[in-house]
$ cat start.cif   # mmCIF, C-alpha atoms (C1' of nucleotides)
data_entry
#
loop_
_atom_site.label_atom_id
_atom_site.label_comp_id
_atom_site.auth_asym_id
_atom_site.auth_seq_id
_atom_site.Cartn_x
_atom_site.Cartn_y
_atom_site.Cartn_z
CA MET A 1 21.51 -21.36 -21.48
CA GLY A 2 19.07 -23.26 -19.32
CA ARG A 3 15.56 -21.92 -19.55
CA TRP A 4 13.11 -24.74 -18.87
CA GLU A 5 14.45 -27.84 -17.18
CA PRO A 6 17.98 -28.26 -18.50
CA ASN A 7 19.32 -30.95 -20.82
CA ALA A 8 16.12 -31.96 -22.56
CA ARG A 9 18.11 -33.98 -25.08
CA GLY A 10 19.90 -35.97 -22.39
CA ARG A 11 16.69 -36.61 -20.48
CA LEU A 12 15.02 -37.92 -23.63
CA ALA A 13 17.96 -40.22 -24.41
CA GLN A 14 18.05 -41.55 -20.85
CA ALA A 15 14.29 -42.13 -20.73
CA ALA A 16 14.35 -43.87 -24.08
CA LEU A 17 17.17 -46.24 -23.15
CA GLU A 18 15.44 -47.11 -19.89
CA LEU A 19 12.09 -47.80 -21.52
CA TYR A 20 13.57 -49.75 -24.40
CA ALA A 21 15.42 -51.92 -21.88
CA GLU A 22 12.44 -52.30 -19.54
CA GLN A 23 9.66 -53.15 -21.95
CA GLY A 24 11.25 -53.49 -25.37
CA TYR A 25 11.76 -51.10 -28.24
CA GLU A 26 8.65 -51.89 -30.22
CA ARG A 27 6.30 -51.66 -27.30
CA THR A 28 7.60 -48.28 -26.26
CA THR A 29 5.90 -45.29 -27.87
CA VAL A 30 7.50 -41.91 -28.33
CA VAL A 31 4.74 -40.43 -26.20
CA GLU A 32 5.80 -42.66 -23.31
CA ILE A 33 9.40 -41.50 -23.65
CA THR A 34 8.45 -37.84 -23.64
CA ALA A 35 6.10 -38.36 -20.70
CA ARG A 36 8.96 -39.79 -18.63
CA ALA A 37 11.21 -36.91 -19.69
CA GLY A 38 8.52 -34.33 -18.98
CA LEU A 39 8.24 -33.14 -22.57
CA THR A 40 5.94 -33.57 -25.55
CA GLU A 41 6.10 -35.82 -28.58
CA ARG A 42 6.83 -32.94 -30.92
CA THR A 43 9.91 -31.97 -28.92
CA PHE A 44 11.31 -35.49 -29.22
CA TYR A 45 11.37 -35.10 -32.99
CA ARG A 46 13.11 -31.74 -32.68
CA HIS A 47 16.04 -33.46 -30.99
CA PHE A 48 16.12 -36.79 -32.82
CA ALA A 49 15.29 -37.58 -36.41
CA ASP A 50 13.30 -40.67 -35.49
CA LYS A 51 12.60 -43.16 -32.74
CA ARG A 52 15.82 -45.08 -33.45
CA GLU A 53 18.23 -42.19 -33.61
CA VAL A 54 17.95 -41.52 -29.88
CA LEU A 55 20.27 -44.49 -29.32
CA PHE A 56 22.90 -43.31 -31.80
CA PHE A 57 23.58 -39.65 -31.21
CA GLY A 58 27.02 -40.49 -29.79
CA THR A 59 28.22 -41.45 -33.27
CA GLU A 60 29.70 -38.03 -33.99
CA MET A 61 32.00 -38.29 -31.01
CA VAL A 62 33.11 -41.73 -32.14
CA LYS A 63 33.88 -40.36 -35.59
CA ASP A 64 35.98 -37.62 -34.05
CA LEU A 65 37.90 -40.13 -31.95
CA LEU A 66 38.66 -42.31 -34.96
CA ALA A 67 39.66 -39.40 -37.19
CA ARG A 68 41.89 -37.84 -34.52
CA THR A 69 43.56 -41.16 -33.76
CA VAL A 70 44.24 -41.89 -37.41
CA ALA A 71 45.67 -38.40 -37.85
CA GLY A 72 47.93 -38.88 -34.86
CA VAL A 73 49.55 -42.15 -35.91
CA PRO A 74 53.20 -41.76 -37.07
CA ALA A 75 53.43 -41.26 -40.79
CA ASP A 76 55.49 -44.39 -41.43
CA ALA A 77 52.84 -46.76 -40.07
CA SER A 78 51.03 -48.93 -42.59
CA ALA A 79 47.37 -48.30 -43.44
CA MET A 80 46.12 -51.37 -41.57
CA ASP A 81 48.24 -50.66 -38.51
CA THR A 82 46.79 -47.15 -38.50
CA VAL A 83 43.27 -48.53 -38.66
CA SER A 84 44.18 -50.95 -35.91
CA ALA A 85 45.34 -48.11 -33.67
CA ALA A 86 42.10 -46.22 -34.20
CA LEU A 87 39.93 -49.25 -33.46
CA GLU A 88 41.94 -50.03 -30.34
CA ALA A 89 41.40 -46.48 -29.11
CA LEU A 90 37.66 -46.93 -29.64
CA GLY A 91 37.82 -50.32 -27.96
CA ALA A 92 39.49 -48.76 -24.94
CA GLU A 93 36.74 -46.18 -24.67
CA PHE A 94 34.10 -48.90 -24.85
CA GLN A 95 36.01 -50.73 -22.16
CA GLU A 96 35.83 -47.76 -19.83
CA ASN A 97 32.04 -47.56 -20.20
CA ALA A 98 31.49 -51.29 -20.40
CA GLU A 99 28.24 -51.33 -18.47
CA ARG A 100 26.49 -48.71 -20.59
CA VAL A 101 27.90 -50.16 -23.80
CA ARG A 102 26.65 -53.63 -22.93
CA LEU A 103 23.18 -52.41 -21.99
CA ARG A 104 22.90 -50.42 -25.17
CA ASP A 105 24.10 -53.38 -27.23
CA ALA A 106 21.52 -55.63 -25.64
CA VAL A 107 18.77 -53.23 -26.66
CA VAL A 108 20.08 -52.71 -30.17
CA SER A 109 20.72 -56.40 -30.81
CA ALA A 110 17.18 -57.30 -29.85
CA HIS A 111 15.50 -55.42 -32.70
CA ALA A 112 16.14 -55.59 -36.42
CA GLU A 113 15.28 -51.92 -36.94
CA LEU A 114 17.95 -50.91 -34.47
CA ARG A 115 20.53 -53.28 -35.91
CA GLU A 116 19.93 -51.70 -39.30
CA ARG A 117 20.65 -48.27 -37.90
CA GLU A 118 23.75 -49.60 -36.17
CA LEU A 119 25.08 -51.02 -39.42
CA ILE A 120 24.69 -47.78 -41.33
CA LYS A 121 26.43 -45.94 -38.50
CA LEU A 122 29.29 -48.43 -38.72
CA ALA A 123 29.45 -47.88 -42.47
CA GLY A 124 29.74 -44.18 -41.73
CA LEU A 125 32.65 -44.88 -39.41
CA ALA A 126 34.38 -46.77 -42.20
CA GLY A 127 33.91 -43.76 -44.44
CA THR A 128 35.38 -41.48 -41.81
CA MET A 129 38.43 -43.69 -41.42
CA ALA A 130 38.90 -43.95 -45.17
CA ASP A 131 38.82 -40.15 -45.43
CA ALA A 132 41.37 -39.84 -42.63
CA LEU A 133 43.62 -42.40 -44.29
CA ARG A 134 43.47 -40.55 -47.59
CA ASP A 135 44.45 -37.38 -45.74
CA ARG A 136 47.55 -39.26 -44.58
CA GLY A 137 48.40 -40.21 -48.16
CA THR A 138 46.99 -43.72 -48.41
CA PRO A 139 45.79 -44.17 -52.01
CA GLU A 140 42.56 -45.81 -53.17
CA PRO A 141 41.44 -48.53 -53.09
CA ALA A 142 43.77 -49.31 -50.18
CA ALA A 143 42.24 -46.67 -47.92
CA THR A 144 38.67 -47.88 -48.34
CA LEU A 145 39.67 -51.53 -48.17
CA ALA A 146 41.60 -51.01 -44.95
CA ALA A 147 38.79 -49.00 -43.39
CA GLU A 148 35.98 -51.37 -44.39
CA THR A 149 37.99 -54.40 -43.37
CA GLY A 150 38.79 -52.76 -40.07
CA ILE A 151 35.10 -52.25 -39.36
CA ALA A 152 34.40 -55.85 -40.31
CA VAL A 153 37.02 -57.00 -37.83
CA PHE A 154 35.63 -54.65 -35.19
CA LYS A 155 32.20 -56.23 -35.56
CA VAL A 156 33.64 -59.70 -35.02
CA ALA A 157 35.85 -58.66 -32.10
CA PHE A 158 33.06 -56.69 -30.44
CA ALA A 159 30.73 -59.67 -30.68
CA ARG A 160 33.35 -61.83 -28.99
CA TRP A 161 33.84 -59.24 -26.27
CA ILE A 162 30.11 -59.11 -25.63
CA SER A 163 29.78 -62.88 -25.54
CA GLU A 164 32.55 -63.32 -22.98
CA PRO A 165 31.83 -61.09 -19.97
CA GLY A 166 34.84 -62.48 -18.16
CA ARG A 167 37.24 -61.44 -20.91
CA PRO A 168 37.39 -57.68 -20.65
CA ASP A 169 40.29 -56.75 -22.92
CA LEU A 170 38.56 -55.44 -26.04
CA PRO A 171 41.69 -53.76 -27.46
CA GLY A 172 43.51 -57.05 -27.03
CA ILE A 173 40.72 -58.96 -28.79
CA LEU A 174 40.94 -56.44 -31.62
CA ARG A 175 44.71 -56.92 -32.00
CA ALA A 176 44.30 -60.68 -31.92
CA SER A 177 41.49 -60.59 -34.49
CA ILE A 178 43.55 -58.55 -36.92
CA ALA A 179 46.45 -60.93 -36.46
CA GLU A 180 44.08 -63.82 -37.10
CA LEU A 181 42.81 -62.13 -40.24
CA ARG A 182 46.35 -61.77 -41.50
CA ASN A 183 46.73 -65.52 -41.09
CA VAL A 184 43.42 -66.20 -42.85
CA LEU A 185 44.48 -64.09 -45.81
CA ALA A 186 48.03 -65.43 -45.92
CA GLU A 187 46.76 -68.99 -46.22
CA ARG A 188 46.78 -69.90 -49.90
CA ALA A 189 45.51 -72.90 -51.79
CA PRO A 190 48.09 -75.66 -52.12
CA ALA A 191 49.90 -75.89 -55.44
CA MET B 192 -2.50 -72.04 -58.86
CA GLY B 193 -3.49 -68.81 -60.53
CA ARG B 194 -6.87 -67.59 -59.43
CA TRP B 195 -7.15 -63.84 -59.78
CA GLU B 196 -4.58 -62.16 -62.00
CA PRO B 197 -1.45 -64.23 -61.63
CA ASN B 198 1.84 -63.27 -59.94
CA ALA B 199 0.58 -60.61 -57.55
CA ARG B 200 3.94 -60.59 -55.77
CA GLY B 201 5.87 -59.98 -58.96
CA ARG B 202 3.48 -57.25 -60.11
CA LEU B 203 3.87 -55.48 -56.78
CA ALA B 204 7.68 -55.71 -56.93
CA GLN B 205 7.74 -54.42 -60.50
CA ALA B 206 5.35 -51.55 -59.78
CA ALA B 207 7.33 -50.58 -56.69
CA LEU B 208 10.68 -50.51 -58.48
CA GLU B 209 9.19 -48.43 -61.30
CA LEU B 210 7.59 -45.91 -58.98
CA TYR B 211 10.62 -45.65 -56.71
CA ALA B 212 12.75 -44.96 -59.79
CA GLU B 213 10.28 -42.56 -61.37
CA GLN B 214 9.38 -40.34 -58.45
CA GLY B 215 11.57 -41.41 -55.55
CA TYR B 216 11.09 -43.82 -52.69
CA GLU B 217 9.82 -41.39 -50.09
CA ARG B 218 7.27 -39.77 -52.34
CA THR B 219 5.78 -43.10 -53.37
CA THR B 220 3.00 -44.43 -51.16
CA VAL B 221 2.11 -48.05 -50.76
CA VAL B 222 -1.37 -47.22 -52.03
CA GLU B 223 0.15 -45.94 -55.27
CA ILE B 224 2.09 -49.16 -55.72
CA THR B 225 -0.97 -51.31 -55.18
CA ALA B 226 -3.03 -49.14 -57.49
CA ARG B 227 -0.53 -49.70 -60.31
CA ALA B 228 -0.50 -53.43 -59.58
CA GLY B 229 -4.30 -53.58 -59.38
CA LEU B 230 -4.40 -54.64 -55.74
CA THR B 231 -5.08 -53.14 -52.32
CA GLU B 232 -2.79 -51.82 -49.64
CA ARG B 233 -3.54 -54.73 -47.31
CA THR B 234 -2.41 -57.23 -49.92
CA PHE B 235 0.94 -55.48 -50.26
CA TYR B 236 1.62 -56.17 -46.61
CA ARG B 237 0.67 -59.80 -47.02
CA HIS B 238 3.48 -60.20 -49.53
CA PHE B 239 6.13 -57.90 -48.06
CA ALA B 240 6.90 -57.10 -44.45
CA ASP B 241 7.22 -53.39 -45.15
CA LYS B 242 7.66 -50.79 -47.84
CA ARG B 243 11.41 -51.47 -48.13
CA GLU B 244 11.33 -55.24 -48.28
CA VAL B 245 9.81 -55.23 -51.75
CA LEU B 246 13.28 -54.41 -53.10
CA PHE B 247 15.03 -57.20 -51.23
CA PHE B 248 13.02 -60.37 -51.62
CA GLY B 249 15.72 -61.82 -53.89
CA THR B 250 18.06 -62.16 -50.92
CA GLU B 251 17.12 -65.77 -50.25
CA MET B 252 18.24 -66.79 -53.73
CA VAL B 253 21.53 -64.99 -53.20
CA LYS B 254 22.04 -66.84 -49.93
CA ASP B 255 21.44 -70.12 -51.68
CA LEU B 256 23.94 -69.26 -54.39
CA LEU B 257 26.62 -68.36 -51.85
CA ALA B 258 26.00 -71.42 -49.68
CA ARG B 259 26.00 -73.78 -52.64
CA THR B 260 29.15 -72.28 -54.09
CA VAL B 261 31.00 -72.51 -50.77
CA ALA B 262 29.90 -76.10 -50.38
CA GLY B 263 31.13 -76.92 -53.86
CA VAL B 264 34.67 -75.57 -53.51
CA PRO B 265 37.34 -78.29 -53.24
CA ALA B 266 38.06 -79.15 -49.63
CA ASP B 267 41.72 -78.17 -49.78
CA ALA B 268 41.02 -74.55 -50.70
CA SER B 269 41.70 -71.94 -48.03
CA ALA B 270 38.83 -70.14 -46.28
CA MET B 271 39.46 -66.85 -48.04
CA ASP B 272 39.82 -68.50 -51.46
CA THR B 273 36.51 -70.22 -50.81
CA VAL B 274 34.86 -66.92 -49.93
CA SER B 275 36.41 -65.42 -53.02
CA ALA B 276 34.90 -68.13 -55.21
CA ALA B 277 31.45 -67.52 -53.75
CA LEU B 278 31.65 -63.78 -54.23
CA GLU B 279 32.86 -64.18 -57.79
CA ALA B 280 29.89 -66.43 -58.53
CA LEU B 281 27.57 -63.73 -57.17
CA GLY B 282 29.47 -61.10 -59.13
CA ALA B 283 28.98 -63.10 -62.31
CA GLU B 284 25.24 -63.28 -61.70
CA PHE B 285 25.10 -59.53 -61.12
CA GLN B 286 27.03 -59.11 -64.34
CA GLU B 287 24.43 -61.06 -66.28
CA ASN B 288 21.63 -58.81 -65.01
CA ALA B 289 23.68 -55.63 -65.02
CA GLU B 290 20.86 -53.35 -66.11
CA ARG B 291 18.43 -54.40 -63.42
CA VAL B 292 21.15 -54.49 -60.78
CA ARG B 293 22.25 -50.98 -61.63
CA LEU B 294 18.73 -49.59 -61.59
CA ARG B 295 18.01 -51.21 -58.27
CA ASP B 296 21.28 -49.93 -56.85
CA ALA B 297 20.47 -46.40 -57.96
CA VAL B 298 17.16 -46.55 -56.10
CA VAL B 299 18.64 -48.11 -52.97
CA SER B 300 21.62 -45.77 -52.85
CA ALA B 301 19.39 -42.71 -53.01
CA HIS B 302 17.65 -43.33 -49.69
CA ALA B 303 19.13 -43.95 -46.26
CA GLU B 304 16.26 -46.21 -45.22
CA LEU B 305 16.96 -48.50 -48.15
CA ARG B 306 20.70 -48.47 -47.59
CA GLU B 307 20.07 -49.59 -44.03
CA ARG B 308 18.06 -52.53 -45.24
CA GLU B 309 20.75 -53.35 -47.79
CA LEU B 310 23.41 -53.42 -45.09
CA ILE B 311 21.50 -55.80 -42.86
CA LYS B 312 20.91 -58.07 -45.83
CA LEU B 313 24.64 -58.03 -46.54
CA ALA B 314 25.30 -58.89 -42.90
CA GLY B 315 22.96 -61.82 -43.34
CA LEU B 316 24.95 -62.95 -46.36
CA ALA B 317 28.11 -62.87 -44.24
CA GLY B 318 26.37 -65.04 -41.68
CA THR B 319 25.34 -67.50 -44.37
CA MET B 320 28.89 -67.75 -45.68
CA ALA B 321 30.29 -68.18 -42.18
CA ASP B 322 27.86 -71.03 -41.59
CA ALA B 323 28.84 -72.66 -44.86
CA LEU B 324 32.52 -72.31 -44.02
CA ARG B 325 32.01 -73.92 -40.63
CA ASP B 326 30.25 -76.79 -42.35
CA ARG B 327 33.43 -77.26 -44.38
CA GLY B 328 35.50 -77.40 -41.22
CA THR B 329 36.81 -73.84 -40.96
CA PRO B 330 37.08 -73.02 -37.24
CA GLU B 331 36.08 -69.83 -35.49
CA PRO B 332 36.98 -67.04 -35.54
CA ALA B 333 38.48 -67.67 -38.98
CA ALA B 334 35.12 -68.50 -40.57
CA THR B 335 33.40 -65.31 -39.42
CA LEU B 336 36.45 -63.18 -40.15
CA ALA B 337 36.75 -64.53 -43.67
CA ALA B 338 33.02 -64.10 -44.33
CA GLU B 339 32.75 -60.58 -42.91
CA THR B 340 35.91 -59.49 -44.64
CA GLY B 341 34.66 -60.95 -47.88
CA ILE B 342 31.48 -58.91 -47.63
CA ALA B 343 33.50 -55.79 -46.87
CA VAL B 344 35.56 -56.38 -50.01
CA PHE B 345 32.41 -57.05 -52.00
CA LYS B 346 31.00 -53.69 -50.97
CA VAL B 347 34.15 -51.92 -52.15
CA ALA B 348 34.39 -53.86 -55.40
CA PHE B 349 30.70 -53.43 -56.17
CA ALA B 350 30.97 -49.68 -55.65
CA ARG B 351 33.86 -49.57 -58.08
CA TRP B 352 31.90 -51.62 -60.61
CA ILE B 353 28.94 -49.26 -60.32
CA SER B 354 31.11 -46.18 -60.67
CA GLU B 355 32.80 -47.40 -63.84
CA PRO B 356 30.13 -48.36 -66.39
CA GLY B 357 32.79 -49.07 -68.97
CA ARG B 358 34.50 -51.69 -66.80
CA PRO B 359 32.13 -54.59 -66.74
CA ASP B 360 34.21 -57.36 -65.17
CA LEU B 361 32.86 -57.53 -61.63
CA PRO B 362 34.38 -60.93 -60.85
CA GLY B 363 37.72 -59.55 -61.99
CA ILE B 364 37.35 -56.48 -59.80
CA LEU B 365 36.56 -58.78 -56.89
CA ARG B 366 39.68 -60.87 -57.47
CA ALA B 367 41.79 -57.74 -57.78
CA SER B 368 40.30 -56.23 -54.62
CA ILE B 369 41.06 -59.32 -52.58
CA ALA B 370 44.61 -59.34 -53.92
CA GLU B 371 44.90 -55.69 -53.00
CA LEU B 372 43.64 -56.43 -49.51
CA ARG B 373 46.30 -59.10 -49.11
CA ASN B 374 48.88 -56.45 -49.93
CA VAL B 375 47.34 -53.97 -47.49
CA LEU B 376 47.46 -56.52 -44.70
CA ALA B 377 50.94 -57.78 -45.54
CA GLU B 378 52.37 -54.29 -45.28
CA ARG B 379 53.86 -53.93 -41.83
CA ALA B 380 55.34 -51.00 -39.96
CA PRO B 381 59.05 -50.60 -40.55
CA ALA B 382 61.33 -51.89 -37.80
"C1'" DA C 383 -23.55 -80.01 -55.27
"C1'" DA C 384 -21.48 -79.04 -50.91
"C1'" DA C 385 -17.68 -78.18 -48.09
"C1'" DG C 386 -12.86 -76.68 -47.73
"C1'" DT C 387 -8.72 -73.76 -48.77
"C1'" DG C 388 -6.17 -69.88 -49.64
"C1'" DA C 389 -5.79 -65.26 -51.51
"C1'" DT C 390 -7.91 -60.85 -51.64
"C1'" DG C 391 -11.05 -56.79 -50.22
"C1'" DA C 392 -12.94 -53.73 -46.80
"C1'" DC C 393 -12.61 -51.35 -42.66
"C1'" DA C 394 -11.06 -49.68 -38.17
"C1'" DG C 395 -7.41 -48.15 -35.54
"C1'" DG C 396 -2.73 -47.31 -33.41
"C1'" DT C 397 1.86 -45.32 -34.19
"C1'" DT C 398 5.29 -42.71 -36.49
"C1'" DC C 399 6.58 -38.48 -38.28
"C1'" DT C 400 5.76 -33.63 -40.29
"C1'" DG C 401 3.84 -28.90 -40.89
"C1'" DT C 402 2.19 -24.92 -38.68
"C1'" DC C 403 1.27 -21.54 -35.41
"C1'" DA C 404 1.05 -20.00 -30.60
"C1'" DT C 405 3.38 -19.52 -26.24
"C1'" DC C 406 6.92 -19.03 -22.96
"C1'" DA C 407 11.61 -17.88 -20.87
"C1'" DC C 408 15.36 -15.21 -21.24
"C1'" DG C 409 18.70 -11.73 -22.95
"C1'" DG C 410 19.56 -7.41 -24.91
"C1'" DT C 411 18.32 -2.45 -25.55
"C1'" DA C 412 16.21 2.04 -24.97
"C1'" DT D 413 11.30 -0.29 -16.22
"C1'" DA D 414 9.41 -1.41 -20.60
"C1'" DC D 415 10.02 -3.23 -25.03
"C1'" DC D 416 11.59 -6.45 -28.45
"C1'" DG D 417 14.17 -10.39 -30.49
"C1'" DT D 418 15.57 -15.25 -30.17
"C1'" DG D 419 15.12 -19.89 -29.51
"C1'" DA D 420 12.95 -23.80 -27.34
"C1'" DT D 421 8.63 -25.86 -26.31
"C1'" DG D 422 3.41 -26.83 -26.55
"C1'" DA D 423 -0.78 -27.65 -29.14
"C1'" DC D 424 -3.04 -29.33 -32.94
"C1'" DA D 425 -4.01 -31.29 -37.49
"C1'" DG D 426 -2.97 -34.64 -40.72
"C1'" DA D 427 -0.54 -37.91 -43.97
"C1'" DA D 428 1.53 -42.36 -44.32
"C1'" DC D 429 2.86 -46.77 -42.42
"C1'" DC D 430 1.45 -50.98 -40.58
"C1'" DT D 431 -1.73 -54.42 -38.15
"C1'" DG D 432 -5.98 -56.92 -36.71
"C1'" DT D 433 -10.22 -58.72 -38.09
"C1'" DC D 434 -13.85 -60.37 -40.74
"C1'" DA D 435 -16.18 -60.99 -45.18
"C1'" DT D 436 -15.80 -62.42 -49.90
"C1'" DC D 437 -14.27 -64.66 -53.88
"C1'" DA D 438 -12.05 -68.28 -56.99
"C1'" DC D 439 -10.88 -72.65 -57.19
"C1'" DT D 440 -10.30 -77.53 -55.42
"C1'" DT D 441 -11.80 -81.67 -53.27
"C1'" DT D 442 -15.09 -84.95 -52.02
#

$ encode --input "start.cif" --output "structure tokens"
Amino acid sequence: MGRWEPNARGRLAQAALELYAEQGYERTTVVEITARAGLTERTFYRHFADKREVLFFGTEMVKDLLARTVAGVPADASAMDTVSAALEALGAEFQENAERVRLRDAVVSAHAELRERELIKLAGLAGTMADALRDRGTPEPAATLAAETGIAVFKVAFARWISEPGRPDLPGILRASIAELRNVLAERAPA
Amino acid sequence: MGRWEPNARGRLAQAALELYAEQGYERTTVVEITARAGLTERTFYRHFADKREVLFFGTEMVKDLLARTVAGVPADASAMDTVSAALEALGAEFQENAERVRLRDAVVSAHAELRERELIKLAGLAGTMADALRDRGTPEPAATLAAETGIAVFKVAFARWISEPGRPDLPGILRASIAELRNVLAERAPA
DNA sequence: AAAGTGATGACAGGTTCTGTCATCACGGTA
DNA sequence: TACCGTGATGACAGAACCTGTCATCACTTT
């Protein structure tokens, strides 16, 4: 496997995250990243589609986690409870790598270009969950609604988790947010 | 007001939409757009922050519509019913300009870069609605949850509206989607 | 008529990203 | 041992995006 220095991809990702955090995303050039990783600009673009993607190549693993969790939920669970279980599993994983997740979020949140990429990745996660729900028998539009709503709740809960460093229970915040959403939707206009 | 040829901004936006539709977004250069509009590349970037933004400069008007509608809903309406009213107002406006909306959606949907921009604009709309809800007295996290969830439903309903050219009632699809979401959330796991 | 204002043109230059071909390390095969 | 194939990397050219800067032009104000 290893011919030159091993793990070129990982070295590029590490160097990029460091430089983006140290001096900002915009003021970091791809040439700087490759210099720190001991590679050339052209090689960067062989591993990552563009300068943003280097922060998002973990998305496939997240998709797998969500799809596997949805598939593993007992068949008699409701669509939204299934989505909830998947998001809580993701929340637990974030929890375990809190430091890295928070650093990465700080970098991404600081730049509109990176937030855009984050949002389309989140939309992809919703699509993955909707597919997994349909595989379990949830019909449309319920599957897509549950998945998209779940991602919307995740965004809100994640933001709360980030904003409160002393409150570490992301899965708990997720459960509470979904419960709160049920209340918001159950509230109807007075007669 | 008008010195040179009038409405440079509008001519640029029109030329861009035409070219993006005719030959694709990626294969259209900014120089081509400005040539069709009778201007120079530098002037394009004085009117629009980048090559994508030319398709999204109507967002401010949409924000105004949502904020005004939320502010105008009777004070005793629930948060989600208020969001619903705002989205239906936006849906009605889309309905009135169906042809342009559909053409623009076809262009945006065809390119990941443009979808990214669309998603961050939608996130901005959610923020605007959350602000307007807070101004009405809705507390957090209910305001943000209602706004984000509303946008999630809008995405689903809009996609359905686009996919069914013979079903023109976007406000109706929005109402139905929110009702469906209430059902999805009310469904609980069996004891 | 002169000065001021704001939009546009012209030009240089940095950065991102792609296409293309050469080079290198290693593994297999005779 | 010698040869060849494979896949990753280096080297280089170039298009397109985007920005900074200054000059120019049309129109307004005094």

$ axis_aligned_box --input "start.cif" --around "stretch 392-411 of chain C" --padding-each-side "4 Å" --output "lines of an AutoDock Vina configuration file"
center_x = 3.3
center_y = -28.1
center_z = -33.8
size_x = 40.5
size_y = 59.3
size_z = 33.9

$ closest_residue --input "start.cif" --among "A:Val108, A:Val30, A:Met61, A:Ala147" --to "chain B" --atoms "all atoms listed in the file"
A:Ala147

$ residues_around --input "start.cif" --residues "stretch 428-438 of chain D" --least-positions-apart "6" --cutoff "10 Å" --atoms "all atoms listed in the file" --output "list in words"
Gly193, Arg194, Trp195, Thr220, Val221, Val222, Arg233, Tyr236, Ala240, Asp241 and Lys242 of chain B; DG388, DA389, DT390, DG391, DA392, DC393, DA394, DG395, DG396, DT397, DT398 and DC399 of chain C

$ closest_atom_pairs --input "start.cif" --of "chain B" --to "chain A" --cutoff "6 Å" --atoms "only C-alpha atoms" --output "JSON lines"
{"residue": "B:Ala268", "atom": "CA", "partner": "A:Ala189", "partner_atom": "CA", "distance": 4.9}
{"residue": "B:Ser269", "atom": "CA", "partner": "A:Ala189", "partner_atom": "CA", "distance": 5.4}
{"residue": "B:Glu307", "atom": "CA", "partner": "A:Glu116", "partner_atom": "CA", "distance": 5.2}
{"residue": "B:Ile311", "atom": "CA", "partner": "A:Glu116", "partner_atom": "CA", "distance": 5.7}
{"residue": "B:Glu339", "atom": "CA", "partner": "A:Ala152", "partner_atom": "CA", "distance": 5.6}
{"residue": "B:Thr340", "atom": "CA", "partner": "A:Thr149", "partner_atom": "CA", "distance": 5.6}
{"residue": "B:Ala343", "atom": "CA", "partner": "A:Glu148", "partner_atom": "CA", "distance": 5.6}
{"residue": "B:Arg379", "atom": "CA", "partner": "A:Ser78", "partner_atom": "CA", "distance": 5.8}
{"residue": "B:Ala380", "atom": "CA", "partner": "A:Ala77", "partner_atom": "CA", "distance": 4.9}

$ atom_distance --input "start.cif" --atom1 "atom CA of B:Arg293" --atom2 "atom CA of B:Gln205"
15.0 Å

$ atom_distance --input "start.cif" --atom1 "atom CA of A:Glu99" --atom2 "atom CA of A:Leu170"
13.4 Å

$ interface_residues --input "start.cif" --of "chain D" --to "chain A" --cutoff "9 Å" --atoms "all atoms listed in the file" --output "list in words"
DA420, DT421 and DG422 of chain D

$ atom_distance --input "start.cif" --atom1 "atom CA of B:Gln214" --atom2 "atom CA of B:Ser300"
14.5 Å

$ resolve_selection --input "start.cif" --expression "the PyMOL selection byres ((chain B and resi 204) around 9)" --output "PyMOL selection string"
chain B and resi 199-203+205-209+224+228+245-246+248

$ residues_near_point --input "start.cif" --point "(11.5, -17.5, -27.6)" --cutoff "10 Å" --atoms "only C-alpha atoms (C1' of nucleotides)" --output "list in words"
DT405, DC406, DA407 and DC408 of chain C; DG417, DT418, DG419, DA420 and DT421 of chain D

$ resolve_selection --input "start.cif" --expression "the PyMOL selection byres ((chain C and resi 384) around 9)" --output "count of residues only"
3

$ closest_residue --input "start.cif" --among "B:Asp326, B:Glu284, B:Glu331, B:Asp296" --to "B:Ile353" --atoms "all atoms listed in the file"
B:Asp296

$ build_atoms --input "start.cif" --residues "stretch 22-29 of chain A" --atoms "N, CA and C atoms" --output "mmCIF file, in the coordinates of the input"
data_model
loop_
_atom_site.group_PDB
_atom_site.id
_atom_site.type_symbol
_atom_site.label_atom_id
_atom_site.label_comp_id
_atom_site.auth_asym_id
_atom_site.auth_seq_id
_atom_site.Cartn_x
_atom_site.Cartn_y
_atom_site.Cartn_z
ATOM 1 N N GLU A 22 13.456 -51.754 -20.442
ATOM 2 C CA GLU A 22 12.440 -52.300 -19.540
ATOM 3 C C GLU A 22 11.378 -53.103 -20.265
ATOM 4 N N GLN A 23 10.850 -52.535 -21.349
ATOM 5 C CA GLN A 23 9.660 -53.150 -21.950
ATOM 6 C C GLN A 23 9.816 -53.411 -23.440
ATOM 7 N N GLY A 24 11.022 -53.208 -23.961
ATOM 8 C CA GLY A 24 11.250 -53.490 -25.370
ATOM 9 C C GLY A 24 11.082 -52.263 -26.236
ATOM 10 N N TYR A 25 11.783 -52.256 -27.345
ATOM 11 C CA TYR A 25 11.760 -51.100 -28.240
ATOM 12 C C TYR A 25 10.407 -50.922 -28.916
ATOM 13 N N GLU A 26 9.895 -52.013 -29.443
ATOM 14 C CA GLU A 26 8.650 -51.890 -30.220
ATOM 15 C C GLU A 26 7.470 -51.466 -29.361
ATOM 16 N N ARG A 27 7.456 -51.946 -28.133
ATOM 17 C CA ARG A 27 6.300 -51.660 -27.300
ATOM 18 C C ARG A 27 6.446 -50.367 -26.512
ATOM 19 N N THR A 28 7.447 -49.596 -26.868
ATOM 20 C CA THR A 28 7.600 -48.280 -26.260
ATOM 21 C C THR A 28 7.221 -47.220 -27.291
ATOM 22 N N THR A 29 6.286 -46.354 -26.948
ATOM 23 C CA THR A 29 5.900 -45.290 -27.870
ATOM 24 C C THR A 29 6.674 -44.016 -27.533
#
